[in-house]
Amino acid sequence: MSSGNGAAMRETENHFDVVVVGGGIAGLQSALDLADQDYRVLVVEKQPSIGGRMISLSKVFPTLDCASCITTPKMSAAAHHSNITLMTYTTVDAIEPAGDNHRLTLTQMARYVDTSACIGCRQCEYVCPVEYPDPFEQGMGALRAISVPFANAIPQYAVLNPEYCIGCGACVRACASDAIRLDQQPKTLTVEAGAVVLATGFHLNSTSLKPQYNASRSKDIVSPLQVERLLAPHGPYGRVLRPSDGKIPDSVAFVLCAGSRDQSIGVPYCSRVCCMYSIKQAMLLSGALPTADITIYYMDIRAFGKGFEQFYQNAKAMGISFVKGKVARITPQPNGDLMARVEAIEEDGRVMENRHDLVVLAQGIVPELVSPERLGAAKEEDGFIRRPDPLRPAWTGREGIFVAGTAAGPKDIVDSIMEAGSAAMEASHYLTQKRATADANAPSLELEVIGAASE
Amino acid sequence: MSEQKKSSNPKTESQKPRIGVYICRCGGNISDVVNTDALAGKVKQLGDVAACRVETFMCSDPGQATIVEDIQKQNLNRVVVASCSPFLHELTFRTVVQRGGLNPFLYEHVNIREQDSWAHKHDPVGATSKALRMINAAVGKLHHAEPLERIRMGNHRQTLVVGGGIAGLKTAAELAGKGVPVILVEQSSSLGGRVALLARTFPREDEGSVLAKKLIAQVTDHPLVRIFTRARIERVSGFIGNFDVKIAFEPKPDASASSDPQGAGHSANAAEVYASVGTIIVATGADPYKPARGEYGFGEQPAVVSLADFLRQLATLPNGNFIWNGKRVRNVGFLHCVGSRQVEGVNPPQADGKINDYCSRYCCTAILQQALTLKMRFPDVNVFDFYQDIRTYGGHEDYYTKSSAAGVVFLRYHAEEPPVVEPGENGSALKVRVKDYLTFGEEVEVPLDLLVLGVGLVAHDIPELIDLLKLPVGADRFLQEVHPKLRPVETAVNGVLLAGTAQAPMNIEETLSAAGAAAVKAAIPLSRDAVELDPFVAEVNAEKCNGCERCLTECAYTGALFKETVQVDGESAVKARVNPGLCFGCGACVAVCPTRAIDLKGWTLDQFDAMIDGLVEAVPVEG
């Protein structure tokens with residue numbers, strides 16, 4: 001179908017100027033900035049679609065642009081770029097030096113679909129009788145055991161989830177292009193790269209680290225990524241509802257630092273984006289639920305980026321209530337109410353038990369990549385990828401290996417995109433130096449000096 | 001897709017228009033207000049519309065594929081997409097149309113989101129009718145569309161960097177390393193900017209001067225870098241790939257001040273540098289906020305100092321007792337948000353009448369780093385920290401944790417009730433009165449021997465450069481990028497990029513990343529021999545031109561429009577002509593031409609007529 005799919009898997013090639021590990025916003029930006037300079041780039045993505053975390057967000061702070069509207073063009077630009085090859089549903093198992101280059105061992109996981117035949121028509125999906133909680137919708141909503149992962153996924157190939165497939169063969173019979181391969185095996189392959197950009201991203205740490213918040217005891221104690229889907233115009237319910245009973249919430253609480261700035265769970269650092277996305281979600285919620293009370297429990301509001309403080313002040317002016325205090329406990333009641341226990345620090349220090357019917361836990365941001373050592377990099381104490389040279393913030397300290405975005409620490413989209421550009425610059429600088437052969441076509445400095453200029 | 005390859009390429013655009021119209025739901029952003037299905041039903045009835053479809057995300061890959069497939073299977077030769085602002089996706093769809101085999105300028109973008117569904121949320125029927133009118137206008141415009149070619153111009157493959165602080169140095173080092181020649185212009189007499197003056201930087205406790213020196217070493221003596229100090233940009237003209245720049249120099253102070261004839265000579269023959277560059281990076285930096293006299297006692301109480309001064313002096317103090325200006329210091333206060341997070345009616349306005357309502361980002365960490373250093377070196381000193389929110393984001397939290405553990409006492413004030421600094425009593429220099437919201441809003445008096453003001457950052461004042469480069473400036477006086485996520489280091493002027501704190505407050509690491517991002521955007525257009533510009537420029541029909549020269553008077557872009565004498569029927573006549581590289585397509589010349597001899601390519605007068613007809617044609621849509 002689209003030429004994006006066609007260009008996505010040129011498997012005959014095995015040498016690239018740069019391999020970018022991770023097809024989220026940072027990886028895509030690095031890839032585009034390198035490809036636009038005529039470097040040949042391979043993007044390897046673990047998930048069946050590129051787009052990363054950002055493609056699943058509703059709107060983004062502080063401009064309240066729709067996240068899809070900013071991510072899809074970058075996804076599409078990467079898919080259609082003549083210098084970019086995409087490999088999705090593929091893991092990078094090892095990166096080792098190979099002479100002057102890096103050798104990457106990749107595993108292409110089994111989609112159980114032949115991507116050279118699949119045209120993304122979704123006929124398999126329509127006939128599949130099994131549904132399971134949709135991971136793109138954070139478990140709310142349902143996905144068929146064989147399906148295209150989400151509406152604006154790239155590439156648009158179906159993927160079969162063997163955990164849920166009952167082997168009925170309905171999809172095989174429905175597929176007009178005979179693309180389904182129930183006997184497909186994972187495939188290992190190696191590629192070589194002149195340089196590598198690690199853009200492996202983050203995930204949120206588990207709510208089970210904070211048992212006092214009782215997330216396992218109520219479906220209405222939710223993660224911020226769930227709220228993003230609830231707020232997305234094309235989300236699972238098409239509106240904001242409590243997951244437990246479909247009720248429209250009338251009192252929503254955000255609990256900040258619910259998985260970071262917390263030595264007791266080994267995450268002493270600040271996750272950097274929670275204040276802002278909570279404020280954003282609160283603003284969007286107050287638009288979607290005009291009569292709801294919205295409270296943000298915080299330790300410090302960290303609105304430090306360009307336009308952030310003004311965004312925070314707007315939220316206060318909109319009537320969102322900001323309460324300073326770290327929530328001690330959340331107790332689900334038999335009637336479904338959620339009681340948040342917190343000290344009224346700004347008032348008289350009494351202990352309050354505030355009733356809410358939807359609670360959002362700002363879980364901590366932790367690195368997705370557990371062992372950067374396997375990919376030729378080292379990690380800091382906090383687990384994020386180490387960058388030893390203060391003057392080269394995108395460099396891992398290993399020859400030709402660079403890092404971009406949240407792989408190097410929690411950060412917002414703007415900062416991730418900045419770092420991605422910086423990683424692309426350092427990688428192209430490195431490749432130029434490595435080639436070391438004088439390019440006959442290279443420009444030389446041209447200017448005209450009249451008189452004695454100070455230099 | 002491949003079996004449907006067109007027989008001729010490009011399609012013969014002169015054939016009867018077959019227009020495809022694509023309506024985007026934008027995942028509900030549009031379709032929650034505009035009845036997209038009813039709209040499509042009406043659009044299908046418009047003249048020459050051969051295909052009309054509705055998609056959830058037109059910009060997604062499946063959406064794009066639909067257009068390509070329709071162009072090829074249904075022989076479309078013109079395309080309209082009705083979706084979001086052209087600012088976001090016009091280029092996306094031009095590329096799609098081109099992939100389908102059409103000239104990319106046989107495309108019209110209709111904004112039914114920002115200009116329609118978002119603006120008329122409470123009037124779905126009206127919004128749907130408006131969408132139809134807008135699409136009808138675009139269809140009318142396309143009837144008169146001609147295939148256009150982008151203008152190819154030569155490319156001066158070198159970059160001008162304005163500013164020799166760490167942002168400018170970093171961009172220069174990266175570009176030169178990539179093989180791009182750089183001309184670096186610094187206003188002062190030395191490189192390294194503000195970082196060169198810092199004793200210690202966070203988070204690695206490197207010495208600022210050492211960091212700056214290392215960067216300076218990477219660019220000085222580099223064969224691809226020429227550095228000019230005491231220099232400023234005096235003139236800029238042109239466009240991406242072809243900026244002509246004149247650099248002028250400040251006379252050396254000793255030269256201008258002395259009566260030495262050599263010095264006077266230097267002044268008289270002030271040097272000049274001329275260069276043509278493809279891209280320009282603005283790295284002019286920021287300044288520490290300078291408190292007004294009397295603001296928290298600054299300038300009146302000698303015991304009130306700014307963070308930068310404190311930092312410099314602390315580094316030079318011997319260990320032992322903390323002695324400041326000859327006096328033993330036992331109690332030190334740090335005050336956050338001086339010149340930042342200001343509140344209307346609480347903080348007096350700045351010189352331009354505005355308050356600084358933004359957060360300066362670096363100061364919380366910088367303050368706590370100093371507080372901690374102080375506590376480590378002089379454990380007997382009591383440190384009080386007056387703050388609103390401690391913004392030690394990310395790993396900088398470590399400074400907060402450690403300074404708390406080291407015994408720094410935190411007092412939290414509200415922006416509406418800033419601390420009051422008064423002369424001290426009983427031997428202490430100062431007294432700070434503050435309502436502390438960590439102890440239930442109790443009014444506290446803290447006697448201090450020294451108060452350090454955690455001053456924020458303000459945009460460096462560069463009115464001449466802003467004027468020369470037509471740089472957009474935000475409400476916070478920092479330079480404004482096009483879009484914080486789509487084009488975060490680009491300005492509205494193609495080829496002019498922002499690096500570092502000229503754009504917003506940043507710390508050193510963030511500045512270096514931003515500089516890298518700016519460098520890559522400067523390098524991309526320079527990786528090719530030519531630059532391509534949009535074809536929307538004026539064109540003179542010489543037959544109609546009567547040589548009245550009104551257009552020349554109106555044109556605001558030097559060299560874009562000029563007159564030439566041509567021979568018509570054996571007689572010489574004056575005619576206007578356009579230099580397409582310098583024309584910005586503003587249309588001022590079109591408006592004053594009495595003979596309709598000038599048209600803007602892609603925006604001709606006939607097209608405007610057709611659009612107006614399309615808008616006013618009665619086309620009601622029932623809800």
# chains A, B, ... in the order shown; residues from 1 in each chain; ligands from 1
>>> interface_residues(of="chain A", to="chain B", cutoff="6 Å", atoms="only C-alpha atoms", output="VMD selection string")
chain A and resid 2 37 72 152 233 to 234 269 to 272 300 to 302 304 309 346 to 348 414 418 to 419 421 to 422 425 429 432 445 447 to 455
>>> select_by_dssp(residues="range 84-325 of chain A", states="strand (DSSP E)", output="MDAnalysis selection string")
chainID A and resid 84:87 90:98 101:108 131:133 142:144 146:147 159:160 187:198 202:204 221:222 251:255 293:298 321:324
>>> atom_distance(atom1="CA of Arg53 in chain B", atom2="CA of Gln74 in chain B")
12.8 Å
>>> residues_around(residues="Asp250 in chain A", least_positions_apart="6", cutoff="8 Å", atoms="only C-alpha atoms", output="PyMOL selection string")
chain A and resi 289+291-293+356-357
>>> residues_around(residues="Phe608 in chain B", least_positions_apart="6", cutoff="10 Å", atoms="only C-alpha atoms", output="list in words")
Ala137, Ala138, Gly140, Lys141, His144 and Gly614 of chain B
>>> write_last_selection(atoms="N, CA, C and O atoms", output="PDB file, in the first residue's frame")
ATOM      1  N   ALA B 137     -13.726  27.546  -2.480  1.00  0.00           N
ATOM      2  CA  ALA B 137     -12.761  28.563  -2.887  1.00  0.00           C
ATOM      3  C   ALA B 137     -11.471  27.919  -3.383  1.00  0.00           C
ATOM      4  O   ALA B 137     -10.896  28.322  -4.400  1.00  0.00           O
ATOM      5  N   ALA B 138     -11.024  26.880  -2.652  1.00  0.00           N
ATOM      6  CA  ALA B 138      -9.783  26.205  -3.043  1.00  0.00           C
ATOM      7  C   ALA B 138      -9.953  25.499  -4.388  1.00  0.00           C
ATOM      8  O   ALA B 138      -9.051  25.509  -5.232  1.00  0.00           O
ATOM      9  N   GLY B 140     -11.979  26.415  -6.725  1.00  0.00           N
ATOM     10  CA  GLY B 140     -11.965  27.476  -7.727  1.00  0.00           C
ATOM     11  C   GLY B 140     -10.553  27.940  -8.030  1.00  0.00           C
ATOM     12  O   GLY B 140     -10.172  28.138  -9.190  1.00  0.00           O
ATOM     13  N   LYS B 141      -9.763  28.068  -6.992  1.00  0.00           N
ATOM     14  CA  LYS B 141      -8.378  28.509  -7.179  1.00  0.00           C
ATOM     15  C   LYS B 141      -7.594  27.498  -8.014  1.00  0.00           C
ATOM     16  O   LYS B 141      -6.794  27.862  -8.873  1.00  0.00           O
ATOM     17  N   HIS B 144      -7.429  27.513 -11.813  1.00  0.00           N
ATOM     18  CA  HIS B 144      -6.490  28.411 -12.489  1.00  0.00           C
ATOM     19  C   HIS B 144      -5.036  28.093 -12.150  1.00  0.00           C
ATOM     20  O   HIS B 144      -4.162  28.890 -12.410  1.00  0.00           O
ATOM     21  N   GLY B 614     -15.833  31.522  -5.139  1.00  0.00           N
ATOM     22  CA  GLY B 614     -16.072  30.259  -4.438  1.00  0.00           C
ATOM     23  C   GLY B 614     -16.620  30.476  -3.032  1.00  0.00           C
ATOM     24  O   GLY B 614     -17.461  29.722  -2.549  1.00  0.00           O
TER      25      GLY B 614
END
>>> closest_residue(among="A:Ala232, A:Ile154, A:Ala344, A:Ile330", to="Asn214 in chain A", atoms="only C-alpha atoms")
A:Ile330
>>> residues_around(residues="Ala427 in chain A", least_positions_apart="4", cutoff="9 Å", atoms="only C-alpha atoms", output="ChimeraX atom specification")
/A:18,34,195-197,394-395,400-402,422-423,431-432
>>> write_last_selection(atoms="C-alpha atoms", output="mmCIF file, in the first residue's frame")
data_model
loop_
_atom_site.group_PDB
_atom_site.id
_atom_site.type_symbol
_atom_site.label_atom_id
_atom_site.label_comp_id
_atom_site.auth_asym_id
_atom_site.auth_seq_id
_atom_site.Cartn_x
_atom_site.Cartn_y
_atom_site.Cartn_z
ATOM 1 C CA VAL A 18 24.287 5.557 11.287
ATOM 2 C CA LEU A 34 21.246 12.852 9.667
ATOM 3 C CA ALA A 195 28.031 5.496 14.170
ATOM 4 C CA VAL A 196 25.170 4.721 16.534
ATOM 5 C CA VAL A 197 22.595 6.936 18.226
ATOM 6 C CA ALA A 394 25.320 13.671 23.279
ATOM 7 C CA TRP A 395 28.422 11.482 23.526
ATOM 8 C CA GLY A 400 31.046 6.673 17.669
ATOM 9 C CA ILE A 401 28.173 5.990 20.078
ATOM 10 C CA PHE A 402 25.810 8.855 20.912
ATOM 11 C CA SER A 422 22.709 17.678 18.967
ATOM 12 C CA ALA A 423 23.329 13.909 18.722
ATOM 13 C CA LEU A 431 31.747 10.560 10.683
ATOM 14 C CA THR A 432 33.400 13.451 8.843
#
>>> residues_around(residues="Arg387 in chain A", least_positions_apart="3", cutoff="8 Å", atoms="only C-alpha atoms", output="count of residues only")
8
>>> closest_residue(among="A:Gly235, A:Pro211, A:Gly120, A:Gly51", to="Ala176 in chain A", atoms="only C-alpha atoms")
A:Gly120
>>> select_by_dssp(residues="range 32-160 of chain B", states="alpha helix (DSSP H)", output="number ranges by chain")
B: 36-43, 61-73, 86-99, 124-143
>>> residues_around(residues="Val537 in chain B", least_positions_apart="4", cutoff="12 Å", atoms="only C-alpha atoms", output="ChimeraX atom specification")
/B:148-151,533,560-561,577-590,598-604
>>> atom_distance(atom1="CA of Gly353 in chain B", atom2="CA of Ala492 in chain B")
25.9 Å
>>> atom_distance(atom1="CA of Val458 in chain B", atom2="CA of Ala303 in chain B")
23.7 Å
>>> closest_residue(among="B:Ala82, B:Ala429, B:Leu468, B:Val219", to="Arg235 in chain B", atoms="only C-alpha atoms")
B:Leu468
>>> closest_residue(among="A:Ser82, A:Ser58, A:Ser251, A:Thr207", to="Arg229 in chain A", atoms="only C-alpha atoms")
A:Ser58
>>> decode(residues="range 40-83 of chain A", atoms="C-alpha atoms", output="CSV table (one decimal), in the first residue's frame")
chain,number,residue,atom,x,y,z
A,40,ARG,CA,22.2,6.6,5.2
A,41,VAL,CA,20.3,5.8,8.4
A,42,LEU,CA,18.7,2.7,9.8
A,43,VAL,CA,16.1,3.2,12.5
A,44,VAL,CA,15.5,0.1,14.6
A,45,GLU,CA,12.3,0.1,16.7
A,46,LYS,CA,11.3,-2.6,19.2
A,47,GLN,CA,7.6,-1.9,18.9
A,48,PRO,CA,5.6,-2.8,15.8
A,49,SER,CA,5.2,0.9,15.0
A,50,ILE,CA,7.5,3.9,15.2
A,51,GLY,CA,6.3,7.0,17.1
A,52,GLY,CA,7.3,6.0,20.6
A,53,ARG,CA,5.5,7.4,23.6
A,54,MET,CA,4.6,10.7,21.9
A,55,ILE,CA,2.2,9.3,19.4
A,56,SER,CA,0.0,8.0,22.2
A,57,LEU,CA,-0.2,11.4,23.9
A,58,SER,CA,-3.3,13.7,23.7
A,59,LYS,CA,-2.0,17.2,23.6
A,60,VAL,CA,1.4,18.5,24.6
A,61,PHE,CA,2.5,21.4,26.9
A,62,PRO,CA,2.9,24.3,26.9
A,63,THR,CA,1.4,25.0,23.5
A,64,LEU,CA,-1.5,22.4,23.7
A,65,ASP,CA,-0.8,21.2,20.2
A,66,CYS,CA,-2.3,17.9,19.4
A,67,ALA,CA,0.5,15.3,19.8
A,68,SER,CA,-0.5,13.3,16.8
A,69,CYS,CA,-0.3,16.4,14.7
A,70,ILE,CA,3.3,16.9,15.5
A,71,THR,CA,4.4,13.2,15.6
A,72,THR,CA,2.7,11.9,12.5
A,73,PRO,CA,4.5,14.2,10.1
A,74,LYS,CA,7.9,13.2,11.6
A,75,MET,CA,7.0,9.5,11.5
A,76,SER,CA,5.8,9.9,7.9
A,77,ALA,CA,8.8,12.0,6.9
A,78,ALA,CA,11.1,9.3,8.3
A,79,ALA,CA,9.1,6.5,6.5
A,80,HIS,CA,9.3,8.2,3.2
A,81,HIS,CA,12.9,9.5,3.4
A,82,SER,CA,15.0,8.0,0.7
A,83,ASN,CA,18.0,7.9,3.1
